[in-house]
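K.L.:
Data file protein.pdb (PDB, C-alpha atoms, pLDDT in the B column) is appended below.
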ATOM      1  CA  MET A  21       3.107  -6.658  27.591  1.00 81.00           C
ATOM      2  CA  ILE A  22       3.666 -10.426  27.624  1.00 84.00           C
ATOM      3  CA  SER A  23       1.660 -12.797  25.402  1.00 81.00           C
ATOM      4  CA  PHE A  24       1.217 -16.567  25.344  1.00 82.00           C
ATOM      5  CA  GLU A  25      -0.281 -18.221  22.272  1.00 81.00           C
ATOM      6  CA  SER A  26      -1.512 -21.783  21.979  1.00 79.00           C
ATOM      7  CA  GLU A  27      -2.245 -24.173  19.171  1.00 78.00           C
ATOM      8  CA  TYR A  28      -5.544 -23.246  17.495  1.00 80.00           C
ATOM      9  CA  LYS A  29      -8.362 -25.808  17.519  1.00 80.00           C
ATOM     10  CA  ASN A  30     -11.782 -25.074  16.051  1.00 78.00           C
ATOM     11  CA  PHE A  31     -15.010 -26.402  17.571  1.00 79.00           C
ATOM     12  CA  ASN A  32     -15.034 -29.617  15.532  1.00 78.00           C
ATOM     13  CA  GLN A  33     -11.473 -30.444  16.578  1.00 80.00           C
ATOM     14  CA  ARG A  34     -12.373 -29.806  20.224  1.00 78.00           C
ATOM     15  CA  LEU A  35     -15.584 -31.829  20.055  1.00 79.00           C
ATOM     16  CA  PHE A  36     -14.298 -34.837  18.162  1.00 81.00           C
ATOM     17  CA  THR A  37     -11.316 -35.608  20.349  1.00 78.00           C
ATOM     18  CA  LEU A  38     -10.356 -39.215  20.914  1.00 77.00           C
ATOM     19  CA  LYS A  39     -11.564 -39.012  24.514  1.00 77.00           C
ATOM     20  CA  ASN A  40     -15.031 -37.724  23.571  1.00 79.00           C
ATOM     21  CA  VAL A  41     -15.503 -40.149  20.682  1.00 80.00           C
ATOM     22  CA  SER A  42     -14.424 -43.155  22.769  1.00 80.00           C
ATOM     23  CA  PHE A  43     -16.824 -42.064  25.527  1.00 79.00           C
ATOM     24  CA  LEU A  44     -19.737 -41.913  23.062  1.00 79.00           C
ATOM     25  CA  ILE A  45     -18.833 -45.298  21.532  1.00 83.00           C
ATOM     26  CA  GLU A  46     -18.684 -46.928  24.971  1.00 81.00           C
ATOM     27  CA  PHE A  47     -21.985 -45.335  25.946  1.00 79.00           C
ATOM     28  CA  PHE A  48     -23.623 -46.434  22.692  1.00 77.00           C
ATOM     29  CA  THR A  49     -22.310 -50.003  23.098  1.00 80.00           C
ATOM     30  CA  TYR A  50     -23.593 -50.344  26.658  1.00 76.00           C
ATOM     31  CA  SER A  51     -26.924 -48.804  25.680  1.00 73.00           C
ATOM     32  CA  CYS A  52     -27.302 -51.299  22.830  1.00 74.00           C
ATOM     33  CA  LEU A  53     -26.591 -54.182  25.213  1.00 74.00           C
ATOM     34  CA  ILE A  54     -29.230 -52.945  27.638  1.00 70.00           C
ATOM     35  CA  ILE A  55     -31.767 -52.510  24.841  1.00 67.00           C
ATOM     36  CA  PHE A  56     -30.919 -55.915  23.344  1.00 70.00           C
ATOM     37  CA  PHE A  57     -31.523 -57.779  26.622  1.00 70.00           C
ATOM     38  CA  ASN A  58     -34.668 -55.788  27.430  1.00 63.00           C
ATOM     39  CA  LEU A  59     -36.090 -55.690  23.886  1.00 57.00           C
ATOM     40  CA  SER A  60     -39.689 -56.008  25.054  1.00 58.00           C
ATOM     41  CA  LYS A  61     -39.540 -52.864  27.174  1.00 66.00           C
ATOM     42  CA  PHE A  62     -40.194 -49.690  25.223  1.00 70.00           C
ATOM     43  CA  TYR A  63     -39.238 -47.400  28.082  1.00 71.00           C
ATOM     44  CA  THR A  64     -35.683 -48.773  28.055  1.00 71.00           C
ATOM     45  CA  ILE A  65     -35.210 -47.355  24.550  1.00 72.00           C
ATOM     46  CA  ILE A  66     -36.608 -43.982  25.640  1.00 76.00           C
ATOM     47  CA  ILE A  67     -34.304 -43.900  28.682  1.00 73.00           C
ATOM     48  CA  GLY A  68     -31.316 -44.807  26.503  1.00 73.00           C
ATOM     49  CA  LEU A  69     -32.073 -42.006  24.042  1.00 77.00           C
ATOM     50  CA  PHE A  70     -32.581 -39.571  26.913  1.00 80.00           C
ATOM     51  CA  LEU A  71     -29.212 -40.516  28.439  1.00 77.00           C
ATOM     52  CA  LEU A  72     -27.523 -40.204  25.035  1.00 78.00           C
ATOM     53  CA  ALA A  73     -28.964 -36.689  24.667  1.00 83.00           C
ATOM     54  CA  ILE A  74     -27.693 -35.739  28.134  1.00 82.00           C
ATOM     55  CA  CYS A  75     -24.204 -37.121  27.366  1.00 81.00           C
ATOM     56  CA  SER A  76     -24.115 -35.255  24.053  1.00 81.00           C
ATOM     57  CA  PHE A  77     -25.131 -32.034  25.792  1.00 85.00           C
ATOM     58  CA  ILE A  78     -22.379 -32.466  28.386  1.00 81.00           C
ATOM     59  CA  LEU A  79     -19.741 -33.135  25.706  1.00 81.00           C
ATOM     60  CA  ILE A  80     -20.819 -30.111  23.657  1.00 83.00           C
ATOM     61  CA  SER A  81     -20.891 -27.760  26.655  1.00 79.00           C
ATOM     62  CA  ARG A  82     -17.452 -29.002  27.751  1.00 78.00           C
ATOM     63  CA  SER A  83     -15.996 -28.451  24.253  1.00 79.00           C
ATOM     64  CA  LYS A  84     -17.587 -25.147  23.337  1.00 83.00           C
ATOM     65  CA  THR A  85     -15.048 -22.646  24.765  1.00 84.00           C
ATOM     66  CA  ASN A  86     -11.326 -22.387  24.117  1.00 84.00           C
ATOM     67  CA  ILE A  87      -8.784 -19.682  25.009  1.00 87.00           C
ATOM     68  CA  ASP A  88      -5.917 -19.459  22.537  1.00 85.00           C
ATOM     69  CA  LEU A  89      -4.137 -16.193  23.422  1.00 88.00           C
ATOM     70  CA  ILE A  90      -3.364 -14.716  26.850  1.00 90.00           C
ATOM     71  CA  THR A  91      -1.823 -11.276  27.232  1.00 90.00           C
ATOM     72  CA  PHE A  92      -0.659  -9.629  30.447  1.00 89.00           C
ATOM     73  CA  GLN A  93      -0.758  -5.808  30.441  1.00 87.00           C
ATOM     74  CA  GLU A  94       0.003  -3.798  33.573  1.00 83.00           C
ATOM     75  CA  ASN A  95      -3.022  -4.643  35.782  1.00 86.00           C
ATOM     76  CA  ARG A  96      -5.088  -6.561  33.226  1.00 88.00           C
ATOM     77  CA  ILE A  97      -5.261  -9.975  31.630  1.00 89.00           C
ATOM     78  CA  ILE A  98      -6.599 -10.049  28.089  1.00 89.00           C
ATOM     79  CA  LEU A  99      -8.043 -13.396  27.031  1.00 89.00           C
ATOM     80  CA  ASN A 100      -8.690 -14.124  23.343  1.00 89.00           C
ATOM     81  CA  GLY A 101     -10.828 -17.147  22.752  1.00 87.00           C
ATOM     82  CA  GLU A 102     -13.840 -18.518  21.015  1.00 88.00           C
ATOM     83  CA  THR A 103     -17.157 -20.035  21.943  1.00 86.00           C
ATOM     84  CA  PHE A 104     -18.177 -22.590  19.346  1.00 86.00           C
ATOM     85  CA  ASN A 105     -16.534 -20.791  16.373  1.00 81.00           C
ATOM     86  CA  THR A 106     -17.289 -17.195  17.444  1.00 88.00           C
ATOM     87  CA  LYS A 107     -14.228 -15.242  18.561  1.00 89.00           C
ATOM     88  CA  TRP A 108     -14.288 -13.008  21.655  1.00 89.00           C
ATOM     89  CA  ILE A 109     -11.902 -10.890  23.739  1.00 91.00           C
ATOM     90  CA  LYS A 110     -12.197 -10.385  27.517  1.00 90.00           C
ATOM     91  CA  SER A 111     -10.171  -7.962  29.588  1.00 90.00           C
ATOM     92  CA  ILE A 112     -10.019  -8.819  33.293  1.00 89.00           C
ATOM     93  CA  ASP A 113      -8.581  -6.863  36.213  1.00 88.00           C
ATOM     94  CA  ILE A 114      -5.768  -8.940  37.667  1.00 88.00           C
ATOM     95  CA  LYS A 115      -6.329  -7.721  41.244  1.00 88.00           C
ATOM     96  CA  GLU A 116      -9.876  -9.173  41.307  1.00 89.00           C
ATOM     97  CA  THR A 117      -8.845 -12.479  39.762  1.00 89.00           C
ATOM     98  CA  TYR A 118      -7.661 -15.743  41.281  1.00 90.00           C
ATOM     99  CA  ILE A 119      -5.767 -18.557  39.594  1.00 90.00           C
ATOM    100  CA  GLN A 120      -5.585 -22.280  40.313  1.00 90.00           C
ATOM    101  CA  ILE A 121      -3.247 -24.769  38.717  1.00 89.00           C
ATOM    102  CA  LEU A 122      -4.866 -28.195  38.403  1.00 87.00           C
ATOM    103  CA  SER A 123      -4.344 -31.486  36.622  1.00 83.00           C
ATOM    104  CA  ILE A 124      -6.368 -34.180  34.918  1.00 79.00           C
ATOM    105  CA  GLY A 125      -4.877 -37.553  35.766  1.00 77.00           C
ATOM    106  CA  SER A 126      -4.410 -40.347  33.299  1.00 72.00           C
ATOM    107  CA  ARG A 127      -4.105 -44.122  33.297  1.00 72.00           C
ATOM    108  CA  GLN A 128      -0.770 -43.614  31.568  1.00 74.00           C
ATOM    109  CA  GLY A 129       0.632 -41.926  34.668  1.00 73.00           C
ATOM    110  CA  LEU A 130       2.487 -38.661  34.569  1.00 75.00           C
ATOM    111  CA  ARG A 131       3.074 -38.911  30.809  1.00 74.00           C
ATOM    112  CA  GLY A 132      -0.656 -38.653  30.056  1.00 76.00           C
ATOM    113  CA  ALA A 133      -1.547 -36.042  32.676  1.00 81.00           C
ATOM    114  CA  ILE A 134      -2.903 -32.723  31.427  1.00 83.00           C
ATOM    115  CA  PHE A 135      -2.201 -29.635  33.500  1.00 87.00           C
ATOM    116  CA  TYR A 136      -4.532 -26.660  33.200  1.00 88.00           C
ATOM    117  CA  LEU A 137      -5.252 -23.296  34.778  1.00 90.00           C
ATOM    118  CA  LYS A 138      -8.563 -22.077  36.147  1.00 92.00           C
ATOM    119  CA  ILE A 139      -8.907 -18.307  36.275  1.00 90.00           C
ATOM    120  CA  LYS A 140     -11.754 -17.101  38.476  1.00 92.00           C
ATOM    121  CA  ASN A 141     -13.265 -13.655  38.479  1.00 88.00           C
ATOM    122  CA  LYS A 142     -16.366 -12.203  40.131  1.00 86.00           C
ATOM    123  CA  GLU A 143     -18.358 -12.612  36.931  1.00 83.00           C
ATOM    124  CA  ASP A 144     -16.878 -15.662  35.215  1.00 87.00           C
ATOM    125  CA  HIS A 145     -14.309 -18.401  35.310  1.00 87.00           C
ATOM    126  CA  TYR A 146     -12.093 -19.505  32.467  1.00 88.00           C
ATOM    127  CA  ILE A 147     -10.215 -22.747  31.891  1.00 88.00           C
ATOM    128  CA  ILE A 148      -6.907 -22.554  30.066  1.00 87.00           C
ATOM    129  CA  ASN A 149      -5.465 -25.674  28.400  1.00 84.00           C
ATOM    130  CA  SER A 150      -8.504 -27.919  28.777  1.00 77.00           C
ATOM    131  CA  PHE A 151      -7.795 -29.275  25.258  1.00 77.00           C
ATOM    132  CA  ASP A 152      -4.031 -29.643  25.752  1.00 76.00           C
ATOM    133  CA  THR A 153      -3.233 -26.751  23.401  1.00 81.00           C
ATOM    134  CA  TYR A 154      -0.558 -25.111  25.575  1.00 84.00           C
ATOM    135  CA  SER A 155       2.775 -26.734  26.321  1.00 86.00           C
ATOM    136  CA  ASP A 156       3.650 -27.653  29.887  1.00 84.00           C
ATOM    137  CA  GLU A 157       6.357 -24.983  29.870  1.00 88.00           C
ATOM    138  CA  GLY A 158       3.717 -22.469  28.729  1.00 88.00           C
ATOM    139  CA  ILE A 159       1.441 -23.379  31.632  1.00 88.00           C
ATOM    140  CA  ILE A 160       4.286 -22.806  34.104  1.00 90.00           C
ATOM    141  CA  GLN A 161       5.169 -19.473  32.477  1.00 90.00           C
ATOM    142  CA  ILE A 162       1.542 -18.265  32.461  1.00 90.00           C
ATOM    143  CA  PHE A 163       1.123 -19.223  36.114  1.00 91.00           C
ATOM    144  CA  ASN A 164       4.377 -17.530  37.159  1.00 90.00           C
ATOM    145  CA  GLU A 165       3.559 -14.346  35.192  1.00 89.00           C
ATOM    146  CA  PHE A 166       0.138 -14.179  36.816  1.00 90.00           C
ATOM    147  CA  LYS A 167       1.644 -14.494  40.280  1.00 89.00           C
ATOM    148  CA  LYS A 168       4.305 -11.892  39.415  1.00 88.00           C
ATOM    149  CA  PHE A 169       1.766  -9.355  38.093  1.00 87.00           C
ATOM    150  CA  LYS A 170      -0.542  -9.899  41.056  1.00 86.00           C
ATOM    151  CA  GLU A 171       2.418  -9.883  43.460  1.00 86.00           C
ATOM    152  CA  GLU A 172       1.356 -13.110  45.177  1.00 86.00           C
ATOM    153  CA  LYS A 173       3.536 -15.831  46.583  1.00 89.00           C
ATOM    154  CA  ILE A 174       3.296 -19.398  45.328  1.00 86.00           C
ATOM    155  CA  ILE A 175       1.879 -21.611  48.072  1.00 86.00           C
ATOM    156  CA  VAL A 176       2.990 -25.179  48.876  1.00 89.00           C
ATOM    157  CA  ASP A 177       0.169 -26.933  46.975  1.00 87.00           C
ATOM    158  CA  GLU A 178       0.919 -24.935  43.862  1.00 86.00           C
ATOM    159  CA  THR A 179       4.638 -25.671  44.223  1.00 87.00           C
ATOM    160  CA  LEU A 180       3.917 -29.405  44.318  1.00 88.00           C
ATOM    161  CA  ILE A 181       1.948 -29.233  41.075  1.00 86.00           C
ATOM    162  CA  LEU A 182       4.662 -27.104  39.466  1.00 89.00           C
ATOM    163  CA  LEU A 183       7.214 -29.748  40.486  1.00 88.00           C
ATOM    164  CA  ARG A 184       5.036 -32.460  38.887  1.00 88.00           C
ATOM    165  CA  ILE A 185       4.906 -30.468  35.660  1.00 88.00           C
ATOM    166  CA  GLN A 186       8.669 -29.996  35.796  1.00 88.00           C
ATOM    167  CA  GLU A 187       9.107 -33.743  36.346  1.00 87.00           C
ATOM    168  CA  LYS A 188       6.877 -34.481  33.359  1.00 86.00           C
ATOM    169  CA  ILE A 189       8.916 -32.104  31.204  1.00 85.00           C
ATOM    170  CA  GLU A 190      12.195 -33.712  32.233  1.00 85.00           C
ATOM    171  CA  LYS A 191      11.132 -37.362  32.016  1.00 81.00           C
ATOM    172  CA  CYS A 192       8.558 -37.521  29.257  1.00 73.00           C
ATOM    173  CA  GLN A 193       9.582 -35.101  26.539  1.00 67.00           C
TER     174      GLN A 193
END
Using structure tokens, write down the structure that the file contains.
P.N.:
Amino acid sequence: MISFESEYKNFNQRLFTLKNVSFLIEFFTYSCLIIFFNLSKFYTIIIGLFLLAICSFILISRSKTNIDLITFQENRIILNGETFNTKWIKSIDIKETYIQILSIGSRQGLRGAIFYLKIKNKEDHYIINSFDTYSDEGIIQIFNEFKKFKEEKIIVDETLILLRIQEKIEKCQ
């Protein structure tokens, strides 16, 4: 049994990240400018409020789920996480599961990139490290353990991303 634990973040910490707050401030600023220049049009205010509600819904749905403990046992992966602030545990058969290693780019270059894992199953998919709670070394270890337990080879695309993570570890930390 091998376990990987991340930094714990509750729903408020996931929702009120710097990225989400700056997005809402930018949206609010641009909406105010549009409303200010079209003050006589009532429907502009309604459209602005509607768009703000849609953006809030997107931010909440993106921040609602977090996985903070991953355990590999024989032929199963056990995921401990929470949706909003309600804890849950899922046990998934490793043979019916696929994994992808992906990255979110940044204007800061490699230093600001966030690498995450997407685990897909027949029923669901799970995103690991979407809030930058796992270390880069942890992401590599989780990915390698998954491939080892499933007895799969690492393909070229995955190797390139692993090399980028390794480069980030060497140069930026």
K.L.:
For this structure, which residues satisfy the selection - the PyMOL selection byres ((chain A and resi 40) around 12) - when it is evaluated on the file as given? I want them as an NGL selection string.
P.N.:
:A and (32-39 or 41-47 or 75-83 or 151)
K.L.:
Centre and edge lengths, as lines of an AutoDock Vina configuration file, for the axis-aligned box enclosing every listed atom of range 97-112 of chain A with 3 Å of padding on each of the six sides, in Å to one decimal?
P.N.:
center_x = -11.7
center_y = -15.3
center_z = 24.8
size_x = 18.9
size_y = 20.6
size_z = 22.9
K.L.:
Would you work out the distance separating CA of Leu183 in chain A from CA of Asp156 in chain A, expressed in Å to one decimal?
P.N.:
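One can read the CA of Leu183 in chain A to CA of Asp156 in chain A distance as 11.4 Å.
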K.L.:
Expand the PyMOL selection byres ((chain A and resi 28) around 10) into the explicit residue set it covers here, and present it as a list in words.
P.N.:
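Written out, the selection comes to Glu25, Ser26, Glu27, Lys29, Asn30, Phe31, Gln33, Arg34, Asn86, Ile87, Asp88, Leu89, Gly101, Thr153 and Tyr154 of chain A.
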K.L.:
Now that the selection is made, can you save its residues with C-alpha atoms as a PDB file, in the coordinates of the input?
P.N.:
ATOM      1  CA  GLU A  25      -0.281 -18.221  22.272  1.00 81.00           C
ATOM      2  CA  SER A  26      -1.512 -21.783  21.979  1.00 79.00           C
ATOM      3  CA  GLU A  27      -2.245 -24.173  19.171  1.00 78.00           C
ATOM      4  CA  LYS A  29      -8.362 -25.808  17.519  1.00 80.00           C
ATOM      5  CA  ASN A  30     -11.782 -25.074  16.051  1.00 78.00           C
ATOM      6  CA  PHE A  31     -15.010 -26.402  17.571  1.00 79.00           C
ATOM      7  CA  GLN A  33     -11.473 -30.444  16.578  1.00 80.00           C
ATOM      8  CA  ARG A  34     -12.373 -29.806  20.224  1.00 78.00           C
ATOM      9  CA  ASN A  86     -11.326 -22.387  24.117  1.00 84.00           C
ATOM     10  CA  ILE A  87      -8.784 -19.682  25.009  1.00 87.00           C
ATOM     11  CA  ASP A  88      -5.917 -19.459  22.537  1.00 85.00           C
ATOM     12  CA  LEU A  89      -4.137 -16.193  23.422  1.00 88.00           C
ATOM     13  CA  GLY A 101     -10.828 -17.147  22.752  1.00 87.00           C
ATOM     14  CA  THR A 153      -3.233 -26.751  23.401  1.00 81.00           C
ATOM     15  CA  TYR A 154      -0.558 -25.111  25.575  1.00 84.00           C
TER      16      TYR A 154
END
K.L.:
For CA of Asn141 in chain A and CA of Met21 in chain A, quote the distance in Å rounded to one decimal.
P.N.:
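Interatomic distance here is 20.9 Å.
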K.L.:
In Å, how far is it from CA of Glu143 in chain A to CA of Lys115 in chain A?
P.N.:
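Separation between CA of Glu143 in chain A and CA of Lys115 in chain A: 13.7 Å.
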K.L.:
Compute the distance from (4.0, -20.1, 34.8) to each atom, counting all atoms listed in the file, keep the residues with any atom at most 12 Å away, and return them as JSON, numbers by chain; use the coordinates of the file.
P.N.:
{"A": [24, 119, 120, 121, 135, 136, 137, 154, 155, 156, 157, 158, 159, 160, 161, 162, 163, 164, 165, 166, 167, 168, 169, 174, 178, 179, 181, 182, 183, 185, 186]}
K.L.:
Using only C-alpha atoms, which of A:Tyr118, A:Ile90, A:Ile66, A:Ile175 sits nearest Asn149 in chain A?
P.N.:
A:Ile90
K.L.:
Of the candidates A:Tyr50, A:Ala133, A:Thr85, A:Leu180, which shows the shortest atom-to-atom distance to Gly68 in chain A, using all atoms listed in the file?
P.N.:
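Using all atoms listed in the file, the shortest distance to Gly68 in chain A belongs to A:Tyr50.
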K.L.:
Please enumerate the residues selected by the PyMOL selection byres ((chain A and resi 130) around 10) when evaluated against the supplied file, formatted as number ranges by chain.
P.N.:
A: 124-129, 131-134, 184-185, 187-189, 191-192
K.L.:
Got a sec to check which residues sit within 10 Å of (-8.8, -13.6, 30.2), counting all atoms listed in the file, and write them as a CSV table (one decimal) with C-alpha atoms, in the coordinates of the input?
P.N.:
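In the end it all went to result-v4.csv:
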chain,number,residue,atom,x,y,z
A,87,ILE,CA,-8.8,-19.7,25.0
A,89,LEU,CA,-4.1,-16.2,23.4
A,90,ILE,CA,-3.4,-14.7,26.8
A,91,THR,CA,-1.8,-11.3,27.2
A,92,PHE,CA,-0.7,-9.6,30.4
A,96,ARG,CA,-5.1,-6.6,33.2
A,97,ILE,CA,-5.3,-10.0,31.6
A,98,ILE,CA,-6.6,-10.0,28.1
A,99,LEU,CA,-8.0,-13.4,27.0
A,100,ASN,CA,-8.7,-14.1,23.3
A,101,GLY,CA,-10.8,-17.1,22.8
A,109,ILE,CA,-11.9,-10.9,23.7
A,110,LYS,CA,-12.2,-10.4,27.5
A,111,SER,CA,-10.2,-8.0,29.6
A,112,ILE,CA,-10.0,-8.8,33.3
A,113,ASP,CA,-8.6,-6.9,36.2
A,114,ILE,CA,-5.8,-8.9,37.7
A,117,THR,CA,-8.8,-12.5,39.8
A,139,ILE,CA,-8.9,-18.3,36.3
A,140,LYS,CA,-11.8,-17.1,38.5
A,141,ASN,CA,-13.3,-13.7,38.5
A,144,ASP,CA,-16.9,-15.7,35.2
A,145,HIS,CA,-14.3,-18.4,35.3
A,146,TYR,CA,-12.1,-19.5,32.5
A,147,ILE,CA,-10.2,-22.7,31.9
A,148,ILE,CA,-6.9,-22.6,30.1
